[in-house]
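Written below as C-alpha cells is the structure these notes are about.
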Number of protein chains: 2
Amino acid sequence: MDKPLILVTNDDGITAPGIRALVEVARELGEVCVVAPDSPQSGMGHAITIKDPIRLRKARTFEGIEAYECSGTPVDCVKLANNIVFKNRKPDLCVSGINHGSNASLNILYSGTMSAAMEASMEGINSIGFSLLNYAYDADFQPAQPFIRQIMAYVLQNDMQSTKLLNVNIPALPGPELKGIRVCRQAEARWKEEFVESTDPRGQKYYWMTGVFINEDRGEDTDIWALENGYLSVVPSGHDLTSYAAIPEFRRMEQ
Amino acid sequence: MDKPLILVTNDDGITAPGIRALVEVARELGEVCVVAPDSPQSGMGHAITIKDPIRLRKARTFEGIEAYECSGTPVDCVKLANNIVFKNRKPDLCVSGINHGSNASLNILYSGTMSAAMEASMEGINSIGFSLLNYAYDADFQPAQPFIRQIMAYVLQNDMQSTKLLNVNIPALPGPELKGIRVCRQAEARWKEEFVESTDPRGQKYYWMTGVFINEDRGEDTDIWALENGYLSVVPSGHDLTSYAAIPEFRRMEQ
C-alpha cells in the first residue's frame, strides 16, 4: 500500500525549528513534502498574494525530503503546493506548524499557521495546525512530539467526517507534566493592545504594536482552560463565520 | 444629544472611490473619523503588523472629516484607531468598505475589509462591512448608497444584540433593479486557483495567482443566492470558528 502523502507547512518559515520537529514526526507516518514560506510570516492570517508574483524554489532544508520554499504567505504555500507541486495528486493530510507560540482561542484568526491548515481544509484535505505555547526560537518541541504523532496517526487511520480542520495547542511543559488531550471549543477572549510610540531619526512618529491576551471565558470546555490545566487542546474548527443565532434579529431589515 | 461616532475604514486604501462613497453616507448619520490604509490591502485577511513599526499620518482626503492614513493592514487601522486616535472614546459603529468586489461566502476569510470590521466587533463595537460586486476602480456606488444608509441607520437605532458583525454584499445593478435586503447564511463555496507561470528577465520562474469562484451550495438561504437574485445579502457573522457538531467525533482522542 502506498504511504500517505503528507503536506507540511508553517508560518515561521522553512528554517524554523518548529517545522523541523513536525517533519520528524510526519516522516515516520508517510511520504512528506514541505512547502513553506522562505521568511517568517507570523500574524499573516488568511492573507494571500494577489498583486505580486510568487516565487517557489526547491529547498534542501531537510535531508531526504522533497521541500520547497515560497515567497508568499502560508495560504499561498498551500495553494501552490496543490496546484504546482502536487498537480494531480492530493495529499492525505496537511499539517502546519509546529508554531512557536499559542494559536488558541481567537488567535486562530490572526495565525498564518492555522490559516494554512484552514486553506487545505477548504480544499477538502484533512488538516491539523499544531502550536506550542512557547514563542522562543529554541523552544523544546520534544515533549510534544509523541502527542503530535498520536493525533496525526488518529486522523490518518480514522479520516475526518464532520470537519476537516483541527486546531491543536500544546502547553510548554516537560513530557511527564502533559496530562493528555482535551477536545474543546474556542475560548472567547480578546487582545488588549498597546502601541509603543517612538520617533525615527527624521523626527517622524511611529508605533510598535504590543498587547496582552485577556481570557474572559470561564468555561471548562475551552481550549484556554485545557491549556492552563496541563492538557493539549484540540478544537475541531471550520470556516463558516455565520452567526446562525443572530439571523432572526436582523430579519426586520428585510422590510 | 451627541451625534454617534462612526469609524470608517477599508482595505482598498484611503483614496479608493469606495471609501469615499461610504464616508458620504456616514457623515449624514454621525460624526465620522476615517482611519484607512495608505495603500491597497486587498486579500490581507486578518493580517497584523508585528515585526515592523506602523506609521499613522493625518490625511486631508475628505473635506471637513478627521482622517488618518496608516501604513499597516486593515486590522492594524482598527487597532490604531481605538488605541491612538480615539483613546478614551469608543465608536458607536465601525463601517468598512465599500469594497471594490465581493466578500460574500468564504471570501470573508481573505478579505481585509471584513477583517477590519471583525476586529472592531471583537472589541465590542457594532461593525458592518460593505462590498459591491464590481472590482472596477470606477464602479458606480450610487445605487448602493440608499441601502447602506438604511442598514447603518437600523444598526445605530436598534443596536446589535446577538452579534456585533454584519457582512453586507451588494449586487452591481442599477438602483431600480436592486430588489431589497435578504438576511442570509454564508454560502459553502471554494476558489479554484490557477497559477500562471512566467519567467523573469534573469531566467527565474514565477507565478501569478488567478482563480475562479465556485459555488457548490444550492441553498436559497445563502448570500450567493440572494446576490444572484438581485438582493443585497446581510450575513450576521462572528469570530468563533469552532465546529461544535464535530466535537463528539474527536472525543475518542482523549483516551
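Chain labels A, B, ... are given in the sequence in which chains occur in the C-alpha cells; within each chain residues are numbered consecutively from 1, and ligands are likewise numbered from 1 in the order shown.
Residues in contact with A:Ala116 at 9 Å, where only C-alpha atoms are counted and same-chain residues fewer than 5 positions away are skipped, are listed as Thr9, Asn10, Asp11, Gly45, His46, Thr73, Pro74, Val75, Asp76, Cys77, Val78, Lys79, Cys94, Val95, Ser96, Ser111, Ser121, Ser127 and Gly129 of chain A.
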Selected residues written out, N, CA and C atoms, as a JSON list (two decimals), in the first residue's frame:
```json
[["chain", "number", "residue", "atom", "x", "y", "z"],
["A", 9, "THR", "N", 3.57, 22.44, 6.26],
["A", 9, "THR", "CA", 3.82, 23.86, 6.05],
["A", 9, "THR", "C", 3.85, 24.56, 7.42],
["A", 10, "ASN", "N", 4.05, 25.86, 7.42],
["A", 10, "ASN", "CA", 4.04, 26.61, 8.68],
["A", 10, "ASN", "C", 3.96, 28.10, 8.38],
["A", 11, "ASP", "N", 4.12, 28.92, 9.41],
["A", 11, "ASP", "CA", 4.19, 30.37, 9.15],
["A", 11, "ASP", "C", 5.48, 30.99, 9.68],
["A", 45, "GLY", "N", -2.46, 35.88, 9.12],
["A", 45, "GLY", "CA", -3.86, 35.49, 8.99],
["A", 45, "GLY", "C", -4.08, 34.79, 7.68],
["A", 46, "HIS", "N", -5.26, 35.02, 7.08],
["A", 46, "HIS", "CA", -5.58, 34.34, 5.83],
["A", 46, "HIS", "C", -5.17, 35.17, 4.61],
["A", 73, "THR", "N", 2.65, 33.98, 1.33],
["A", 73, "THR", "CA", 2.09, 33.76, 2.66],
["A", 73, "THR", "C", 1.87, 32.26, 2.90],
["A", 74, "PRO", "N", 1.56, 31.87, 4.13],
["A", 74, "PRO", "CA", 1.24, 30.46, 4.39],
["A", 74, "PRO", "C", 0.09, 29.95, 3.51],
["A", 75, "VAL", "N", -0.94, 30.76, 3.31],
["A", 75, "VAL", "CA", -2.05, 30.32, 2.46],
["A", 75, "VAL", "C", -1.57, 30.14, 1.01],
["A", 76, "ASP", "N", -0.73, 31.05, 0.54],
["A", 76, "ASP", "CA", -0.13, 30.89, -0.79],
["A", 76, "ASP", "C", 0.59, 29.55, -0.90],
["A", 77, "CYS", "N", 1.33, 29.17, 0.14],
["A", 77, "CYS", "CA", 2.10, 27.91, 0.12],
["A", 77, "CYS", "C", 1.18, 26.73, -0.16],
["A", 78, "VAL", "N", 0.03, 26.71, 0.51],
["A", 78, "VAL", "CA", -0.89, 25.59, 0.34],
["A", 78, "VAL", "C", -1.47, 25.60, -1.08],
["A", 79, "LYS", "N", -1.82, 26.78, -1.56],
["A", 79, "LYS", "CA", -2.38, 26.87, -2.92],
["A", 79, "LYS", "C", -1.34, 26.43, -3.94],
["A", 94, "CYS", "N", -2.69, 17.46, 5.64],
["A", 94, "CYS", "CA", -1.83, 18.65, 5.70],
["A", 94, "CYS", "C", -1.60, 18.99, 7.17],
["A", 95, "VAL", "N", -0.35, 19.13, 7.56],
["A", 95, "VAL", "CA", -0.05, 19.57, 8.92],
["A", 95, "VAL", "C", 0.74, 20.87, 8.86],
["A", 96, "SER", "N", 0.41, 21.79, 9.76],
["A", 96, "SER", "CA", 1.02, 23.11, 9.75],
["A", 96, "SER", "C", 1.59, 23.40, 11.13],
["A", 111, "SER", "N", -3.58, 33.85, 12.86],
["A", 111, "SER", "CA", -2.47, 32.92, 12.69],
["A", 111, "SER", "C", -2.27, 32.47, 11.25],
["A", 121, "SER", "N", -7.97, 22.61, 4.38],
["A", 121, "SER", "CA", -9.26, 22.00, 4.73],
["A", 121, "SER", "C", -10.36, 22.46, 3.79],
["A", 127, "SER", "N", -6.77, 18.41, 7.79],
["A", 127, "SER", "CA", -5.70, 19.36, 8.12],
["A", 127, "SER", "C", -5.62, 19.61, 9.62],
["A", 129, "GLY", "N", -3.41, 22.04, 12.49],
["A", 129, "GLY", "CA", -2.40, 23.03, 12.87],
["A", 129, "GLY", "C", -1.92, 22.73, 14.28]]
```
Here's a check: after a least-squares fit over all in-order C-alpha atoms, write chain A in the frame of chain B, as a compact mmCIF listing (two decimals) with C-alpha atoms, in the first residue's frame.
```txt
# COMPACT_ATOMS: atom_id res chain seq x y z
CA MET A 1 -27.64 64.64 22.07
CA ASP A 2 -24.18 63.88 20.73
CA LYS A 3 -24.00 62.54 17.23
CA PRO A 4 -22.87 58.91 17.07
CA LEU A 5 -19.16 58.43 16.41
CA ILE A 6 -18.55 56.37 13.28
CA LEU A 7 -15.17 54.86 12.41
CA VAL A 8 -14.74 54.34 8.67
CA THR A 9 -12.04 52.08 7.26
CA ASN A 10 -11.44 49.81 4.26
CA ASP A 11 -8.84 47.66 2.54
CA ASP A 12 -8.60 49.31 -0.88
CA GLY A 13 -6.80 52.30 0.65
CA ILE A 14 -7.87 55.77 1.75
CA THR A 15 -8.01 57.17 -1.80
CA ALA A 16 -10.33 54.47 -3.21
CA PRO A 17 -13.71 55.67 -4.52
CA GLY A 18 -15.47 53.03 -2.41
CA ILE A 19 -14.48 54.58 0.93
CA ARG A 20 -15.47 58.01 -0.37
CA ALA A 21 -18.97 56.67 -1.14
CA LEU A 22 -19.15 55.21 2.37
CA VAL A 23 -17.99 58.44 4.02
CA GLU A 24 -20.72 60.33 2.14
CA VAL A 25 -23.38 58.15 3.77
CA ALA A 26 -21.75 58.01 7.20
CA ARG A 27 -21.42 61.79 7.56
CA GLU A 28 -25.20 62.13 7.21
CA LEU A 29 -25.66 59.84 10.21
CA GLY A 30 -22.92 60.81 12.63
CA GLU A 31 -19.51 62.23 13.40
CA VAL A 32 -17.07 60.47 11.11
CA CYS A 33 -13.43 59.58 11.65
CA VAL A 34 -11.53 57.75 8.91
CA VAL A 35 -8.52 55.54 9.64
CA ALA A 36 -7.60 53.64 6.50
CA PRO A 37 -4.56 52.07 4.83
CA ASP A 38 -2.25 54.37 2.84
CA SER A 39 -2.06 51.73 0.08
CA PRO A 40 -4.30 48.93 -1.21
CA GLN A 41 -4.50 45.95 1.16
CA SER A 42 -6.86 43.58 -0.60
CA GLY A 43 -6.52 39.94 0.32
CA MET A 44 -4.75 40.74 3.59
CA GLY A 45 -7.27 38.76 5.62
CA HIS A 46 -6.81 39.18 9.34
CA ALA A 47 -3.10 40.01 8.99
CA ILE A 48 -1.47 42.28 11.58
CA THR A 49 1.89 44.02 11.56
CA ILE A 50 4.07 42.52 14.26
CA LYS A 51 7.67 42.94 13.21
CA ASP A 52 7.58 46.39 11.66
CA PRO A 53 6.74 49.78 13.06
CA ILE A 54 3.45 51.27 11.89
CA ARG A 55 3.02 54.84 10.65
CA LEU A 56 -0.10 56.91 11.19
CA ARG A 57 -0.45 60.30 9.47
CA LYS A 58 -3.17 62.94 9.33
CA ALA A 59 -4.79 62.92 5.90
CA ARG A 60 -6.74 65.67 4.13
CA THR A 61 -8.55 63.24 1.87
CA PHE A 62 -12.08 64.21 2.90
CA GLU A 63 -13.25 67.81 3.21
CA GLY A 64 -14.23 68.54 6.81
CA ILE A 65 -13.61 64.98 8.06
CA GLU A 66 -10.94 63.87 10.52
CA ALA A 67 -8.90 61.28 8.68
CA TYR A 68 -5.69 59.29 9.12
CA GLU A 69 -3.75 57.09 6.76
CA CYS A 70 -1.93 54.12 8.20
CA SER A 71 0.98 52.11 6.80
CA GLY A 72 -0.39 48.87 8.24
CA THR A 73 -3.11 46.37 7.40
CA PRO A 74 -6.86 46.99 7.75
CA VAL A 75 -6.81 45.25 11.14
CA ASP A 76 -3.91 47.48 12.22
CA CYS A 77 -6.03 50.52 11.26
CA VAL A 78 -8.79 49.49 13.63
CA LYS A 79 -6.37 48.75 16.46
CA LEU A 80 -4.64 52.12 15.99
CA ALA A 81 -7.96 53.97 15.71
CA ASN A 82 -9.11 52.59 19.04
CA ASN A 83 -5.81 52.91 20.85
CA ILE A 84 -4.24 56.07 19.45
CA VAL A 85 -6.89 58.15 17.69
CA PHE A 86 -9.91 57.66 19.99
CA LYS A 87 -8.07 56.92 23.22
CA ASN A 88 -10.90 57.13 25.77
CA ARG A 89 -13.79 57.34 23.31
CA LYS A 90 -15.36 54.29 21.78
CA PRO A 91 -17.03 54.47 18.37
CA ASP A 92 -20.74 53.68 18.20
CA LEU A 93 -20.26 52.00 14.85
CA CYS A 94 -17.45 50.85 12.59
CA VAL A 95 -18.11 50.59 8.86
CA SER A 96 -15.60 49.13 6.43
CA GLY A 97 -15.64 49.46 2.65
CA ILE A 98 -17.26 49.96 0.30
CA ASN A 99 -15.10 47.16 -1.02
CA HIS A 100 -14.47 47.02 -4.74
CA GLY A 101 -15.52 43.40 -5.26
CA SER A 102 -17.45 40.65 -3.49
CA ASN A 103 -16.80 39.48 0.05
CA ALA A 104 -19.67 37.03 0.05
CA SER A 105 -19.35 33.39 1.04
CA LEU A 106 -15.88 32.32 2.14
CA ASN A 107 -14.32 35.50 0.74
CA ILE A 108 -14.95 36.88 4.23
CA LEU A 109 -11.85 34.93 5.29
CA TYR A 110 -9.50 36.53 2.73
CA SER A 111 -10.97 39.99 2.96
CA GLY A 112 -9.16 42.87 4.61
CA THR A 113 -12.43 44.82 4.54
CA MET A 114 -14.25 42.18 6.57
CA SER A 115 -11.28 41.54 8.85
CA ALA A 116 -11.21 45.23 9.81
CA ALA A 117 -14.92 45.08 10.66
CA MET A 118 -14.40 41.81 12.52
CA GLU A 119 -11.56 43.29 14.55
CA ALA A 120 -13.82 46.17 15.63
CA SER A 121 -16.57 43.70 16.51
CA MET A 122 -14.12 41.70 18.64
CA GLU A 123 -13.50 44.92 20.54
CA GLY A 124 -17.23 45.19 21.22
CA ILE A 125 -18.10 47.72 18.52
CA ASN A 126 -21.11 47.23 16.21
CA SER A 127 -19.48 46.71 12.83
CA ILE A 128 -20.56 46.37 9.22
CA GLY A 129 -18.51 45.54 6.15
CA PHE A 130 -19.93 46.68 2.80
CA SER A 131 -18.88 45.27 -0.58
CA LEU A 132 -20.09 45.96 -4.11
CA LEU A 133 -19.88 43.15 -6.64
CA ASN A 134 -17.78 45.18 -9.06
CA TYR A 135 -13.98 45.11 -8.96
CA ALA A 136 -13.59 48.17 -11.18
CA TYR A 137 -11.92 51.26 -9.76
CA ASP A 138 -14.66 53.46 -11.21
CA ALA A 139 -17.57 51.24 -10.14
CA ASP A 140 -20.88 53.04 -9.58
CA PHE A 141 -21.52 53.07 -5.83
CA GLN A 142 -24.54 55.37 -6.02
CA PRO A 143 -27.32 52.75 -6.31
CA ALA A 144 -25.96 51.07 -3.17
CA GLN A 145 -25.92 54.20 -1.03
CA PRO A 146 -29.61 54.35 0.00
CA PHE A 147 -29.45 50.72 1.19
CA ILE A 148 -26.19 51.33 3.03
CA ARG A 149 -27.82 54.30 4.72
CA GLN A 150 -30.81 52.14 5.70
CA ILE A 151 -28.62 49.39 7.18
CA MET A 152 -26.38 51.82 9.07
CA ALA A 153 -29.40 53.71 10.43
CA TYR A 154 -31.00 50.42 11.52
CA VAL A 155 -27.91 49.43 13.49
CA LEU A 156 -27.49 52.88 15.04
CA GLN A 157 -31.16 52.89 16.13
CA ASN A 158 -31.54 49.27 17.23
CA ASP A 159 -28.05 48.34 18.44
CA MET A 160 -26.92 44.75 17.82
CA GLN A 161 -27.86 42.15 20.40
CA SER A 162 -26.80 38.72 19.25
CA THR A 163 -23.71 39.53 17.22
CA LYS A 164 -21.60 42.60 16.52
CA LEU A 165 -20.74 41.97 12.87
CA LEU A 166 -22.63 42.11 9.58
CA ASN A 167 -21.23 41.15 6.18
CA VAL A 168 -23.18 43.12 3.57
CA ASN A 169 -22.73 42.47 -0.15
CA ILE A 170 -24.44 44.43 -2.87
CA PRO A 171 -25.16 43.37 -6.46
CA ALA A 172 -23.71 45.72 -9.08
CA LEU A 173 -27.10 46.66 -10.51
CA PRO A 174 -28.84 49.92 -11.38
CA GLY A 175 -30.96 51.18 -8.45
CA PRO A 176 -34.37 50.08 -9.76
CA GLU A 177 -33.12 46.51 -10.19
CA LEU A 178 -32.00 46.16 -6.55
CA LYS A 179 -34.84 44.15 -5.03
CA GLY A 180 -34.13 44.70 -1.33
CA ILE A 181 -32.31 43.05 1.55
CA ARG A 182 -32.05 39.36 2.48
CA VAL A 183 -30.60 38.13 5.78
CA CYS A 184 -28.59 35.03 4.91
CA ARG A 185 -26.02 32.48 5.88
CA GLN A 186 -22.55 32.26 4.33
CA ALA A 187 -22.65 30.02 1.24
CA GLU A 188 -20.37 26.98 1.09
CA ALA A 189 -18.11 27.55 -1.89
CA ARG A 190 -14.48 27.43 -2.90
CA TRP A 191 -11.87 29.08 -5.07
CA LYS A 192 -10.31 27.02 -7.77
CA GLU A 193 -6.93 28.59 -8.35
CA GLU A 194 -4.75 28.50 -11.33
CA PHE A 195 -1.22 29.82 -11.35
CA VAL A 196 0.11 31.47 -14.46
CA GLU A 197 3.77 30.57 -14.77
CA SER A 198 6.21 33.06 -16.24
CA THR A 199 9.94 33.74 -16.36
CA ASP A 200 11.65 36.94 -15.24
CA PRO A 201 14.49 38.67 -17.18
CA ARG A 202 17.03 36.73 -15.10
CA GLY A 203 15.53 33.42 -16.18
CA GLN A 204 13.81 32.68 -12.86
CA LYS A 205 10.32 31.23 -12.80
CA TYR A 206 7.50 32.98 -10.99
CA TYR A 207 3.76 32.54 -10.60
CA TRP A 208 0.74 34.81 -10.67
CA MET A 209 -2.30 33.65 -8.77
CA THR A 210 -5.61 33.64 -10.57
CA GLY A 211 -8.77 31.73 -9.90
CA VAL A 212 -12.46 31.15 -10.33
CA PHE A 213 -15.05 31.14 -7.56
CA ILE A 214 -17.16 28.00 -7.45
CA ASN A 215 -20.42 27.97 -5.51
CA GLU A 216 -21.37 24.44 -4.52
CA ASP A 217 -24.23 25.43 -2.25
CA ARG A 218 -27.71 25.18 -3.75
CA GLY A 219 -29.43 26.61 -0.65
CA GLU A 220 -31.77 29.55 -1.19
CA ASP A 221 -30.90 30.94 2.23
CA THR A 222 -27.31 31.84 1.26
CA ASP A 223 -25.64 35.13 0.42
CA ILE A 224 -24.73 33.89 -3.05
CA TRP A 225 -28.36 33.03 -3.81
CA ALA A 226 -29.52 36.47 -2.65
CA LEU A 227 -26.90 38.25 -4.77
CA GLU A 228 -27.64 36.19 -7.85
CA ASN A 229 -31.31 37.08 -7.47
CA GLY A 230 -30.88 40.83 -7.18
CA TYR A 231 -30.90 41.20 -3.38
CA LEU A 232 -28.35 42.71 -1.02
CA SER A 233 -27.09 39.95 1.30
CA VAL A 234 -26.68 40.58 5.01
CA VAL A 235 -24.86 37.78 6.86
CA PRO A 236 -24.74 38.15 10.67
CA SER A 237 -21.22 36.91 11.38
CA GLY A 238 -18.95 36.12 14.30
CA HIS A 239 -15.42 35.06 15.13
CA ASP A 240 -15.94 31.62 16.65
CA LEU A 241 -14.60 29.02 14.23
CA THR A 242 -15.39 26.04 16.47
CA SER A 243 -17.19 23.28 14.60
CA TYR A 244 -19.46 22.31 17.52
CA ALA A 245 -21.06 19.46 15.59
CA ALA A 246 -17.63 17.88 15.14
CA ILE A 247 -16.63 17.81 18.82
CA PRO A 248 -18.14 14.35 19.60
CA GLU A 249 -16.30 12.75 16.65
CA PHE A 250 -12.90 13.53 18.12
CA ARG A 251 -13.62 12.69 21.78
CA ARG A 252 -12.03 9.29 21.24
CA MET A 253 -8.66 11.06 20.99
CA GLU A 254 -8.93 11.93 24.68
CA GLN A 255 -8.22 8.34 25.74
```
Tell me, which residues of stretch 9-199 of chain B carry DSSP strand (DSSP E), written as a VMD selection string? chain B and resid 9 31 to 37 56 to 58 66 to 70 93 to 100 127 to 132 165 to 170 180 to 183 189 to 199
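Those residues of stretch 16-91 of chain A that DSSP, working from the backbone, places in alpha helix (DSSP H) are A:Pro17, A:Gly18, A:Ile19, A:Arg20, A:Ala21, A:Leu22, A:Val23, A:Glu24, A:Val25, A:Ala26, A:Arg27, A:Glu28, A:Leu29, A:Pro74, A:Val75, A:Asp76, A:Cys77, A:Val78, A:Lys79, A:Leu80.
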How about saving the chosen residues, C-alpha atoms kept, as an mmCIF file, in the first residue's frame?
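Produced file out_12.cif, reproduced below:
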```cif
data_model
loop_
_atom_site.group_PDB
_atom_site.id
_atom_site.type_symbol
_atom_site.label_atom_id
_atom_site.label_comp_id
_atom_site.auth_asym_id
_atom_site.auth_seq_id
_atom_site.Cartn_x
_atom_site.Cartn_y
_atom_site.Cartn_z
ATOM 1 C CA PRO A 17 12.916 24.594 14.486
ATOM 2 C CA GLY A 18 9.162 24.030 14.854
ATOM 3 C CA ILE A 19 8.681 22.769 11.288
ATOM 4 C CA ARG A 20 11.729 20.537 11.663
ATOM 5 C CA ALA A 21 10.129 18.917 14.729
ATOM 6 C CA LEU A 22 6.920 18.399 12.747
ATOM 7 C CA VAL A 23 8.740 16.898 9.755
ATOM 8 C CA GLU A 24 10.450 14.423 12.101
ATOM 9 C CA VAL A 25 7.068 13.086 13.188
ATOM 10 C CA ALA A 26 5.439 13.228 9.760
ATOM 11 C CA ARG A 27 8.182 11.235 8.021
ATOM 12 C CA GLU A 28 7.518 8.313 10.372
ATOM 13 C CA LEU A 29 3.902 8.226 9.207
ATOM 14 C CA PRO A 74 1.237 30.459 4.386
ATOM 15 C CA VAL A 75 -2.047 30.319 2.457
ATOM 16 C CA ASP A 76 -0.131 30.889 -0.794
ATOM 17 C CA CYS A 77 2.095 27.912 0.120
ATOM 18 C CA VAL A 78 -0.891 25.595 0.337
ATOM 19 C CA LYS A 79 -2.378 26.872 -2.916
ATOM 20 C CA LEU A 80 0.955 26.447 -4.723
#
```
